[in-house]
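So this one's coords-v9.cif, mmCIF, C-alpha atoms and all ligand atoms:
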data_coords
loop_
_atom_site.group_PDB
_atom_site.id
_atom_site.type_symbol
_atom_site.label_atom_id
_atom_site.label_comp_id
_atom_site.auth_asym_id
_atom_site.auth_seq_id
_atom_site.Cartn_x
_atom_site.Cartn_y
_atom_site.Cartn_z
ATOM 1 C CA MET C 245 9.618 3.760 -13.930
ATOM 2 C CA SER C 246 10.653 7.204 -12.859
ATOM 3 C CA SER C 247 13.274 8.110 -10.313
ATOM 4 C CA LYS C 248 10.663 9.156 -7.775
ATOM 5 C CA ARG C 249 11.218 7.650 -4.378
ATOM 6 C CA LEU C 250 8.249 5.672 -3.135
ATOM 7 C CA ASP C 251 9.406 4.370 0.211
ATOM 8 C CA SER C 252 6.398 5.281 2.292
ATOM 9 C CA LEU C 253 2.698 5.985 2.049
ATOM 10 C CA ALA C 254 3.484 9.674 2.407
ATOM 11 C CA ASP C 255 5.567 9.432 -0.769
ATOM 12 C CA TYR C 256 2.673 7.790 -2.587
ATOM 13 C CA ALA C 257 0.312 10.476 -1.390
ATOM 14 C CA ARG C 258 2.707 13.221 -2.391
ATOM 15 C CA HIS C 259 3.209 11.871 -5.890
ATOM 16 C CA LYS C 260 -0.490 10.981 -6.248
ATOM 17 C CA TYR C 261 0.192 7.307 -6.805
ATOM 18 C CA LYS C 262 -2.182 4.550 -5.885
ATOM 19 C CA LEU C 263 -0.817 1.624 -3.959
ATOM 20 C CA ARG C 264 -1.196 -1.617 -5.869
ATOM 21 C CA VAL C 265 -1.409 -4.697 -3.689
ATOM 22 C CA ASP C 266 -0.945 -8.072 -5.377
ATOM 23 C CA CYS C 267 -1.871 -11.332 -3.684
ATOM 24 C CA ALA C 268 -0.597 -14.768 -4.595
ATOM 25 C CA CYS C 269 -4.216 -15.814 -5.257
ATOM 26 C CA GLY C 270 -4.407 -13.287 -8.089
ATOM 27 C CA ARG C 271 -6.389 -10.629 -6.311
ATOM 28 C CA VAL C 272 -5.196 -7.111 -7.098
ATOM 29 C CA VAL C 273 -6.348 -4.099 -5.147
ATOM 30 C CA MET C 274 -5.627 -0.472 -5.827
ATOM 31 C CA MET C 275 -5.578 1.463 -2.587
ATOM 32 C CA ASP C 276 -5.547 5.178 -2.018
ATOM 33 C CA PRO C 277 -2.600 6.164 0.189
ATOM 34 C CA HIS C 278 -4.687 8.812 1.935
ATOM 35 C CA ASP C 279 -7.326 6.216 2.835
ATOM 36 C CA LEU C 280 -4.622 3.865 4.066
ATOM 37 C CA LEU C 281 -2.987 6.554 6.183
ATOM 38 C CA ALA C 282 -6.377 7.365 7.707
ATOM 39 C CA ALA C 283 -7.012 3.674 8.417
ATOM 40 C CA ILE C 284 -3.579 3.289 10.007
ATOM 41 C CA LEU C 285 -4.202 6.291 12.238
ATOM 42 C CA ALA C 286 -7.663 5.009 13.156
ATOM 43 C CA ARG C 287 -6.212 1.656 14.221
ATOM 44 C CA GLY C 288 -3.304 3.200 16.082
ATOM 45 C CA TRP C 289 -0.753 1.291 14.020
ATOM 46 C CA LYS C 290 2.777 2.573 14.155
ATOM 47 C CA VAL C 291 3.323 1.718 10.524
ATOM 48 C CA TYR C 292 5.040 3.998 8.109
ATOM 49 C CA SER C 293 7.100 1.716 5.908
ATOM 50 C CA LEU C 294 5.572 -0.330 3.120
ATOM 51 C CA GLU C 295 7.123 -3.458 4.587
ATOM 52 C CA GLY C 296 5.415 -2.790 7.873
ATOM 53 C CA LEU C 297 2.162 -2.188 6.082
ATOM 54 C CA ALA C 298 2.480 -5.439 4.116
ATOM 55 C CA MET C 299 2.721 -7.319 7.408
ATOM 56 C CA ARG C 300 -0.660 -5.922 8.442
ATOM 57 C CA LEU C 301 -2.620 -6.253 5.247
ATOM 58 C CA LYS C 302 -4.562 -9.414 4.505
ATOM 59 C CA CYS C 303 -6.249 -10.504 1.342
ATOM 60 C CA GLU C 304 -10.026 -10.377 1.600
ATOM 61 C CA ARG C 305 -10.302 -13.476 -0.551
ATOM 62 C CA CYS C 306 -7.671 -15.883 0.781
ATOM 63 C CA GLY C 307 -6.493 -14.211 3.999
ATOM 64 C CA LYS C 308 -2.829 -14.222 3.071
ATOM 65 C CA ARG C 309 -0.394 -11.373 3.203
ATOM 66 C CA PRO C 310 0.356 -9.456 0.019
ATOM 67 C CA LYS C 311 2.820 -10.949 -2.403
ATOM 68 C CA ARG C 312 3.819 -7.546 -3.641
ATOM 69 C CA ILE C 313 3.132 -3.921 -2.839
ATOM 70 C CA GLY C 314 4.060 -1.266 -5.327
ATOM 71 C CA PRO C 315 2.922 1.770 -7.243
ATOM 72 C CA GLY C 316 -0.281 1.411 -9.213
ATOM 73 C CA LEU C 317 0.025 2.577 -12.774
ATOM 74 C CA GLY C 318 -2.753 4.825 -13.942
ATOM 75 C CA GLN C 319 -5.760 5.537 -11.783
HETATM 76 ZN ZN ZN N 401 -5.438 -13.635 -1.845
#

Before anything else, please render the file you have as structure tokens.
Ligand SMILES: [Zn+2]
Amino acid sequence: MSSKRLDSLADYARHKYKLRVDCACGRVVMMDPHDLLAAILARGWKVYSLEGLAMRLKCERCGKRPKRIGPGLGQ
């Protein structure tokens, strides 16, 4: 890992990282931070931290909240 700070979606967007969302059921989704920011704005969420985002995301397969949110390696 590098020393880049990835505390918010804006950081991910700035560093061109994807957001990797892991669910306990094994589902892994790579999300584009720009798409997520647009979705957050569209829904009117006041969410800027990754923790806050994790509380709002649900797995499309099992409906649970993400087990882990972090930088996606590669594209
Ligand atoms: Zn799941």

Exercise for the section: Specify as a PyMOL selection string each residue included when the PyMOL selection byres (((not hetatm)) within 8 of (chain N and resi 401)) is applied to this file. Expected result: chain C and resi 266-271+302-310

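With only C-alpha atoms as the atoms that count, the minimum distance from Arg264 of chain C to the choices C:Val291, C:Leu301, C:Ala282, C:Leu317 is reached by C:Leu317.
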
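Evaluated against the shown file, the PyMOL selection byres (((chain C and resi 250) around 10) and not hetatm) gives Ser247, Lys248, Arg249, Asp251, Ser252, Leu253, Ala254, Asp255, Tyr256, Ala257, Arg258, His259, Tyr261, Leu263, Ser293, Leu294, Gly314 and Pro315 of chain C.
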
Export of the given selection (C-alpha atoms) as a PDB file, in the frame of the given file:
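Saved the output as out.pdb:
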ATOM      1  CA  SER C 247      13.274   8.110 -10.313  1.00  0.00           C
ATOM      2  CA  LYS C 248      10.663   9.156  -7.775  1.00  0.00           C
ATOM      3  CA  ARG C 249      11.218   7.650  -4.378  1.00  0.00           C
ATOM      4  CA  ASP C 251       9.406   4.370   0.211  1.00  0.00           C
ATOM      5  CA  SER C 252       6.398   5.281   2.292  1.00  0.00           C
ATOM      6  CA  LEU C 253       2.698   5.985   2.049  1.00  0.00           C
ATOM      7  CA  ALA C 254       3.484   9.674   2.407  1.00  0.00           C
ATOM      8  CA  ASP C 255       5.567   9.432  -0.769  1.00  0.00           C
ATOM      9  CA  TYR C 256       2.673   7.790  -2.587  1.00  0.00           C
ATOM     10  CA  ALA C 257       0.312  10.476  -1.390  1.00  0.00           C
ATOM     11  CA  ARG C 258       2.707  13.221  -2.391  1.00  0.00           C
ATOM     12  CA  HIS C 259       3.209  11.871  -5.890  1.00  0.00           C
ATOM     13  CA  TYR C 261       0.192   7.307  -6.805  1.00  0.00           C
ATOM     14  CA  LEU C 263      -0.817   1.624  -3.959  1.00  0.00           C
ATOM     15  CA  SER C 293       7.100   1.716   5.908  1.00  0.00           C
ATOM     16  CA  LEU C 294       5.572  -0.330   3.120  1.00  0.00           C
ATOM     17  CA  GLY C 314       4.060  -1.266  -5.327  1.00  0.00           C
ATOM     18  CA  PRO C 315       2.922   1.770  -7.243  1.00  0.00           C
TER      19      PRO C 315
END

Handout entry: Atomic separation - atom CA of Leu280 of chain C relative to atom CA of Tyr292 of chain C, Å
Key = 10.5 Å

Practice task
Would you mind reading off the distance between atom CA of Gly316 of chain C and atom CA of Gly288 of chain C, one decimal, in Å?
Solution key: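 Between atom CA of Gly316 of chain C and atom CA of Gly288 of chain C the gap works out to 25.5 Å.
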
Exercise for the section: Measuring atom to atom with only C-alpha atoms, identify which of C:Ile313, C:Val265, C:Ala298, C:Lys260 is nearest to Pro277 of chain C. Expected result: C:Lys260

Given 5 Å of margin on each side, can you work out the centre and size in Å (one decimal) of an axis-aligned box holding every listed atom of segment 252-268 of chain C, as lines of an AutoDock Vina configuration file?
center_x = 2.1
center_y = -0.8
center_z = -2.2
size_x = 18.6
size_y = 38.0
size_z = 19.2

Exercise for the section: Would you mind reading off the distance between atom CA of Val273 of chain C and atom CA of Arg300 of chain C, one decimal, in Å? Expected result: 14.8 Å
